[in-house]
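Undergrad: So that we are looking at the same thing, I have put the structure below in structure tokens.
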There are 2 protein chains.
Amino acid sequence: MFSGSYVCDPDRIYVLNMKILLMAVGRTTSEIMRRGIDLYKDRLKYYDAPVEIKIIEDIKGAKSLTQQRQKELEGESILRNVTPSDRVVLLDENGREFTSREFAAFVDKQMVSGVKRLVFVVGGPYGFSDAVYARADSKLSLSRMTFNHEMVRLFFIEQLYRAMTIRRGEPYHHD
Amino acid sequence: MFSGSYVCDPDRIYVLNMKILLMAVGRTTSEIMRRGIDLYKDRLKYYDAPVEIKIIEDIKGAKSLTQQRQKELEGESILRNVTPSDRVVLLDENGREFTSREFAAFVDKQMVSGVKRLVFVVGGPYGFSDAVYARADSKLSLSRMTFNHEMVRLFFIEQLYRAMTIRRGEPYHHD
């Protein structure tokens, strides 16, 4: 069975079958945030790229570790879940800030350039290890402000939904 | 009864009794967002500035109005809820982007400079009228990205809570 979708612009008829993975360190413990995230995840089912969420378990006994060691162990878990063909984007405070339209164009570009899986990674409270930075293809910043780690997921998945509606020309987004 | 609080820095012993008002156009219809907003509003009770939320009712029959007219009517409602001594800050995409620490310093500065009420305004889907821009003292942008109007409230109130914990030197915020 064919499970992708087509781009209708006659200048670029491609089969789109890119997957999107949102990887995040630590469980979403707030019920409110979890329900918010699920809401957008459900809506995204109707769009052109299936979205999965993968939670990287918190490191056991993290409190007895240095921040550096905690980042390294989280980094190893992140990298075990990445394949060589993935396009890896870190949500990082030093990343590039996009507008919602620029972000939609970024996602669209990956979809039409044959990327098999686009992986967005939300790190733990102390950020990413050097190994994760070394593997990453790009870095994206949602805001100069710092949000709690559960809210980043909600914030991000709404942008992903918004990006899909912008790609389709649907009226969810106002400039 | 004295209802303010003191700044403990010996170089600036002031009585703090600034109030904060978050004014937003349109009801928060999503139960998830409303619960998230209430969570932070409750937490803010234990900090140095009481926070109120004022919802500006959606304009009746808005769909039959031009966007321009809708903005004007919303603007009139916003301005009716502002007093001459208020310090008015618009949440606006063309506003200044702060880091969370810069935002905390901004709020602190208002608190110690005798501002009676600091009013943050989240506009309707089409933004603010010229009259509202003319009255505003400053503009603040949470992100280059566009968020839905309910989510902006949640993000903003979490930043306000974060700002209060930063002011107090509490461990909620990691750099």
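By convention in this document, the chains of the structure tokens carry letters A, B, ... by their order, each chain's residues are numbered from 1, and ligands are numbered from 1 in the order they are shown.
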According to DSSP computed on the backbone, where in chain B is there strand (DSSP E)? Give the residues as a PyMOL selection string.
TA: chain B and resi 5-6+15-16+19-25+51-56+87-97+117-122+138-141
Undergrad: Enumerate as a PyMOL selection string the residues belonging to chain B that approach chain A to within 9 Å, with only C-alpha atoms taken into account.
TA: chain B and resi 32-33+35-36+97-103+125-126+142-148+151+155+158-159+162+172-175
Undergrad: Can you superpose chain A onto chain B by least squares over all C-alpha atoms paired in order and give the moved copy as an mmCIF file with C-alpha atoms, in the first residue's frame?
TA:
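Result file is part_5.cif:
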```
data_model
loop_
_atom_site.group_PDB
_atom_site.id
_atom_site.type_symbol
_atom_site.label_atom_id
_atom_site.label_comp_id
_atom_site.auth_asym_id
_atom_site.auth_seq_id
_atom_site.Cartn_x
_atom_site.Cartn_y
_atom_site.Cartn_z
ATOM 1 C CA MET A 1 -3.174 46.291 56.621
ATOM 2 C CA PHE A 2 0.055 46.350 54.702
ATOM 3 C CA SER A 3 -0.246 44.110 51.649
ATOM 4 C CA GLY A 4 3.000 44.694 49.766
ATOM 5 C CA SER A 5 6.397 43.106 50.345
ATOM 6 C CA TYR A 6 9.970 44.281 50.843
ATOM 7 C CA VAL A 7 13.045 44.041 48.678
ATOM 8 C CA CYS A 8 15.760 42.610 50.914
ATOM 9 C CA ASP A 9 18.721 44.065 49.049
ATOM 10 C CA PRO A 10 19.978 46.682 51.593
ATOM 11 C CA ASP A 11 20.738 49.138 48.793
ATOM 12 C CA ARG A 12 17.107 49.348 47.824
ATOM 13 C CA ILE A 13 14.580 48.917 50.569
ATOM 14 C CA TYR A 14 11.270 49.679 48.976
ATOM 15 C CA VAL A 15 7.729 48.670 49.659
ATOM 16 C CA LEU A 16 6.567 46.724 46.638
ATOM 17 C CA ASN A 17 2.925 46.928 45.917
ATOM 18 C CA MET A 18 2.770 46.797 42.169
ATOM 19 C CA LYS A 19 -0.081 44.832 40.665
ATOM 20 C CA ILE A 20 0.128 42.925 37.421
ATOM 21 C CA LEU A 21 -2.775 42.627 35.017
ATOM 22 C CA LEU A 22 -2.795 40.285 32.043
ATOM 23 C CA MET A 23 -5.474 41.504 29.648
ATOM 24 C CA ALA A 24 -6.439 39.245 26.756
ATOM 25 C CA VAL A 25 -8.975 39.524 23.973
ATOM 26 C CA GLY A 26 -11.390 36.587 23.743
ATOM 27 C CA ARG A 27 -12.307 33.796 26.117
ATOM 28 C CA THR A 28 -9.963 30.886 26.783
ATOM 29 C CA THR A 29 -12.238 28.189 25.414
ATOM 30 C CA SER A 30 -9.813 25.261 25.594
ATOM 31 C CA GLU A 31 -10.181 23.571 28.959
ATOM 32 C CA ILE A 32 -6.584 22.359 28.799
ATOM 33 C CA MET A 33 -5.213 25.866 28.308
ATOM 34 C CA ARG A 34 -7.485 27.258 31.004
ATOM 35 C CA ARG A 35 -6.224 24.693 33.486
ATOM 36 C CA GLY A 36 -2.615 25.423 32.520
ATOM 37 C CA ILE A 37 -3.124 29.143 33.003
ATOM 38 C CA ASP A 38 -4.877 28.605 36.360
ATOM 39 C CA LEU A 39 -1.989 26.440 37.540
ATOM 40 C CA TYR A 40 0.533 29.270 37.119
ATOM 41 C CA LYS A 41 -1.917 31.877 38.364
ATOM 42 C CA ASP A 42 -2.254 29.872 41.598
ATOM 43 C CA ARG A 43 1.511 29.540 41.982
ATOM 44 C CA LEU A 44 1.933 33.283 41.462
ATOM 45 C CA LYS A 45 -0.106 33.965 44.614
ATOM 46 C CA TYR A 46 2.978 33.263 46.684
ATOM 47 C CA TYR A 47 5.074 35.918 44.972
ATOM 48 C CA ASP A 48 5.522 39.658 45.238
ATOM 49 C CA ALA A 49 2.970 41.038 42.833
ATOM 50 C CA PRO A 50 -0.674 39.966 42.682
ATOM 51 C CA VAL A 51 -1.587 38.860 39.168
ATOM 52 C CA GLU A 52 -5.065 39.317 37.745
ATOM 53 C CA ILE A 53 -6.369 38.199 34.368
ATOM 54 C CA LYS A 54 -8.946 40.304 32.571
ATOM 55 C CA ILE A 55 -10.665 38.869 29.504
ATOM 56 C CA ILE A 56 -11.927 41.364 26.952
ATOM 57 C CA GLU A 57 -15.053 39.833 25.459
ATOM 58 C CA ASP A 58 -14.991 39.033 21.763
ATOM 59 C CA ILE A 59 -16.758 41.665 19.690
ATOM 60 C CA LYS A 60 -20.329 40.571 18.931
ATOM 61 C CA GLY A 61 -20.975 39.996 15.251
ATOM 62 C CA ALA A 62 -17.227 40.261 14.540
ATOM 63 C CA LYS A 63 -17.521 38.131 11.417
ATOM 64 C CA SER A 64 -19.506 40.826 9.630
ATOM 65 C CA LEU A 65 -16.876 43.476 10.424
ATOM 66 C CA THR A 66 -13.667 44.285 8.593
ATOM 67 C CA GLN A 67 -10.473 43.247 10.407
ATOM 68 C CA GLN A 68 -9.729 46.956 10.810
ATOM 69 C CA ARG A 69 -13.074 47.678 12.484
ATOM 70 C CA GLN A 70 -12.724 44.613 14.710
ATOM 71 C CA LYS A 71 -9.302 45.823 15.880
ATOM 72 C CA GLU A 72 -10.694 49.302 16.593
ATOM 73 C CA LEU A 73 -13.559 47.974 18.704
ATOM 74 C CA GLU A 74 -11.257 45.593 20.591
ATOM 75 C CA GLY A 75 -8.900 48.540 21.087
ATOM 76 C CA GLU A 76 -11.667 50.632 22.637
ATOM 77 C CA SER A 77 -12.453 47.805 25.072
ATOM 78 C CA ILE A 78 -8.777 47.440 25.969
ATOM 79 C CA LEU A 79 -8.361 51.155 26.601
ATOM 80 C CA ARG A 80 -11.498 51.327 28.786
ATOM 81 C CA ASN A 81 -9.710 48.917 31.128
ATOM 82 C CA VAL A 82 -6.498 50.945 31.332
ATOM 83 C CA THR A 83 -5.978 53.801 33.789
ATOM 84 C CA PRO A 84 -3.673 56.780 33.147
ATOM 85 C CA SER A 85 -1.104 55.591 35.705
ATOM 86 C CA ASP A 86 -0.821 52.048 34.272
ATOM 87 C CA ARG A 87 2.387 50.947 32.579
ATOM 88 C CA VAL A 88 1.095 49.235 29.426
ATOM 89 C CA VAL A 89 3.099 46.537 27.637
ATOM 90 C CA LEU A 90 1.775 44.952 24.449
ATOM 91 C CA LEU A 91 2.636 41.384 23.522
ATOM 92 C CA ASP A 92 3.394 42.099 19.903
ATOM 93 C CA GLU A 93 5.337 40.327 17.200
ATOM 94 C CA ASN A 94 7.301 43.505 16.511
ATOM 95 C CA GLY A 95 8.163 43.944 20.176
ATOM 96 C CA ARG A 96 11.481 43.477 21.873
ATOM 97 C CA GLU A 97 12.554 39.892 22.500
ATOM 98 C CA PHE A 98 13.837 39.294 25.999
ATOM 99 C CA THR A 99 15.562 36.324 27.517
ATOM 100 C CA SER A 100 13.826 35.057 30.674
ATOM 101 C CA ARG A 101 16.432 36.819 32.835
ATOM 102 C CA GLU A 102 16.027 40.082 30.933
ATOM 103 C CA PHE A 103 12.276 39.798 31.328
ATOM 104 C CA ALA A 104 12.666 39.197 35.074
ATOM 105 C CA ALA A 105 14.895 42.297 35.277
ATOM 106 C CA PHE A 106 12.294 44.291 33.334
ATOM 107 C CA VAL A 107 9.511 43.289 35.754
ATOM 108 C CA ASP A 108 11.768 43.978 38.734
ATOM 109 C CA LYS A 109 12.596 47.439 37.401
ATOM 110 C CA GLN A 110 8.900 48.316 37.174
ATOM 111 C CA MET A 111 8.342 47.015 40.732
ATOM 112 C CA VAL A 112 11.054 49.166 42.270
ATOM 113 C CA SER A 113 10.332 52.303 40.243
ATOM 114 C CA GLY A 114 6.903 52.929 41.709
ATOM 115 C CA VAL A 115 4.711 51.589 38.907
ATOM 116 C CA LYS A 116 1.293 50.912 40.448
ATOM 117 C CA ARG A 117 0.030 48.484 37.864
ATOM 118 C CA LEU A 118 1.873 46.759 35.052
ATOM 119 C CA VAL A 119 -0.554 45.755 32.319
ATOM 120 C CA PHE A 120 0.353 43.184 29.672
ATOM 121 C CA VAL A 121 -2.035 42.977 26.738
ATOM 122 C CA VAL A 122 -2.527 40.013 24.381
ATOM 123 C CA GLY A 123 -4.480 41.245 21.345
ATOM 124 C CA GLY A 124 -7.001 39.551 19.115
ATOM 125 C CA PRO A 125 -6.117 37.568 15.959
ATOM 126 C CA TYR A 126 -5.489 40.681 13.853
ATOM 127 C CA GLY A 127 -3.364 42.579 16.337
ATOM 128 C CA PHE A 128 -3.814 45.996 17.912
ATOM 129 C CA SER A 129 -5.456 49.208 16.729
ATOM 130 C CA ASP A 130 -3.448 52.399 16.246
ATOM 131 C CA ALA A 131 -5.045 53.839 19.402
ATOM 132 C CA VAL A 132 -3.699 50.937 21.481
ATOM 133 C CA TYR A 133 -0.216 51.296 19.986
ATOM 134 C CA ALA A 134 -0.359 55.033 20.769
ATOM 135 C CA ARG A 135 -1.164 54.372 24.458
ATOM 136 C CA ALA A 136 1.381 51.570 24.954
ATOM 137 C CA ASP A 137 4.587 52.184 26.889
ATOM 138 C CA SER A 138 6.434 49.244 25.383
ATOM 139 C CA LYS A 139 6.130 46.133 23.251
ATOM 140 C CA LEU A 140 7.364 42.672 24.063
ATOM 141 C CA SER A 141 7.696 39.686 21.715
ATOM 142 C CA LEU A 142 7.726 36.164 23.158
ATOM 143 C CA SER A 143 8.965 34.551 19.967
ATOM 144 C CA ARG A 144 9.343 35.205 16.267
ATOM 145 C CA MET A 145 6.878 32.356 15.858
ATOM 146 C CA THR A 146 3.135 32.897 16.012
ATOM 147 C CA PHE A 147 1.250 30.953 18.670
ATOM 148 C CA ASN A 148 -2.469 30.591 19.025
ATOM 149 C CA HIS A 149 -4.034 33.170 21.275
ATOM 150 C CA GLU A 150 -4.747 30.809 24.115
ATOM 151 C CA MET A 151 -1.251 29.421 24.075
ATOM 152 C CA VAL A 152 0.256 32.909 24.239
ATOM 153 C CA ARG A 153 -1.477 33.353 27.595
ATOM 154 C CA LEU A 154 -0.095 30.095 28.950
ATOM 155 C CA PHE A 155 3.352 30.839 27.521
ATOM 156 C CA PHE A 156 3.305 34.305 29.054
ATOM 157 C CA ILE A 157 2.051 33.395 32.507
ATOM 158 C CA GLU A 158 4.743 30.726 32.820
ATOM 159 C CA GLN A 159 7.322 33.437 32.000
ATOM 160 C CA LEU A 160 5.812 35.683 34.636
ATOM 161 C CA TYR A 161 6.078 32.864 37.179
ATOM 162 C CA ARG A 162 9.638 32.196 36.009
ATOM 163 C CA ALA A 163 10.452 35.899 36.380
ATOM 164 C CA MET A 164 9.230 35.859 39.984
ATOM 165 C CA THR A 165 11.360 32.813 40.808
ATOM 166 C CA ILE A 166 14.392 34.458 39.159
ATOM 167 C CA ARG A 167 13.837 37.644 41.220
ATOM 168 C CA ARG A 168 13.757 35.502 44.375
ATOM 169 C CA GLY A 169 16.787 33.442 43.344
ATOM 170 C CA GLU A 170 14.768 30.211 43.438
ATOM 171 C CA PRO A 171 15.943 27.140 41.517
ATOM 172 C CA TYR A 172 13.061 26.853 38.997
ATOM 173 C CA HIS A 173 15.108 28.514 36.265
ATOM 174 C CA HIS A 174 18.247 26.968 34.709
ATOM 175 C CA ASP A 175 20.349 29.000 32.282
#
```
Undergrad: With DSSP run on the backbone, what are the alpha helix (DSSP H) residues within range 4-94 of chain B? I'd like them as a list in words.
TA: Glu31, Ile32, Met33, Arg34, Arg35, Gly36, Ile37, Asp38, Leu39, Tyr40, Lys41, Asp42, Arg43, Leu44, Gln67, Gln68, Arg69, Gln70, Lys71, Glu72, Leu73, Glu74, Gly75, Glu76, Ser77, Ile78, Leu79 and Arg80 of chain B
Undergrad: Write the residues of the preceding selection, restricted to C-alpha atoms, as a PDB file, in the first residue's frame.
TA:
```
ATOM      1  CA  GLU B  31     -10.198  23.581  28.918  1.00  0.00           C
ATOM      2  CA  ILE B  32      -6.594  22.352  28.759  1.00  0.00           C
ATOM      3  CA  MET B  33      -5.233  25.878  28.298  1.00  0.00           C
ATOM      4  CA  ARG B  34      -7.502  27.263  30.982  1.00  0.00           C
ATOM      5  CA  ARG B  35      -6.263  24.690  33.471  1.00  0.00           C
ATOM      6  CA  GLY B  36      -2.644  25.391  32.541  1.00  0.00           C
ATOM      7  CA  ILE B  37      -3.154  29.135  32.991  1.00  0.00           C
ATOM      8  CA  ASP B  38      -4.906  28.582  36.348  1.00  0.00           C
ATOM      9  CA  LEU B  39      -2.010  26.422  37.533  1.00  0.00           C
ATOM     10  CA  TYR B  40       0.495  29.256  37.113  1.00  0.00           C
ATOM     11  CA  LYS B  41      -1.943  31.859  38.375  1.00  0.00           C
ATOM     12  CA  ASP B  42      -2.269  29.849  41.593  1.00  0.00           C
ATOM     13  CA  ARG B  43       1.484  29.530  41.973  1.00  0.00           C
ATOM     14  CA  LEU B  44       1.911  33.256  41.470  1.00  0.00           C
ATOM     15  CA  GLN B  67     -10.456  43.276  10.387  1.00  0.00           C
ATOM     16  CA  GLN B  68      -9.693  46.970  10.785  1.00  0.00           C
ATOM     17  CA  ARG B  69     -13.028  47.694  12.481  1.00  0.00           C
ATOM     18  CA  GLN B  70     -12.702  44.638  14.706  1.00  0.00           C
ATOM     19  CA  LYS B  71      -9.273  45.838  15.871  1.00  0.00           C
ATOM     20  CA  GLU B  72     -10.661  49.310  16.580  1.00  0.00           C
ATOM     21  CA  LEU B  73     -13.540  47.980  18.691  1.00  0.00           C
ATOM     22  CA  GLU B  74     -11.242  45.609  20.579  1.00  0.00           C
ATOM     23  CA  GLY B  75      -8.883  48.541  21.099  1.00  0.00           C
ATOM     24  CA  GLU B  76     -11.656  50.639  22.630  1.00  0.00           C
ATOM     25  CA  SER B  77     -12.447  47.814  25.069  1.00  0.00           C
ATOM     26  CA  ILE B  78      -8.766  47.439  25.963  1.00  0.00           C
ATOM     27  CA  LEU B  79      -8.359  51.154  26.605  1.00  0.00           C
ATOM     28  CA  ARG B  80     -11.493  51.327  28.777  1.00  0.00           C
TER      29      ARG B  80
END
```
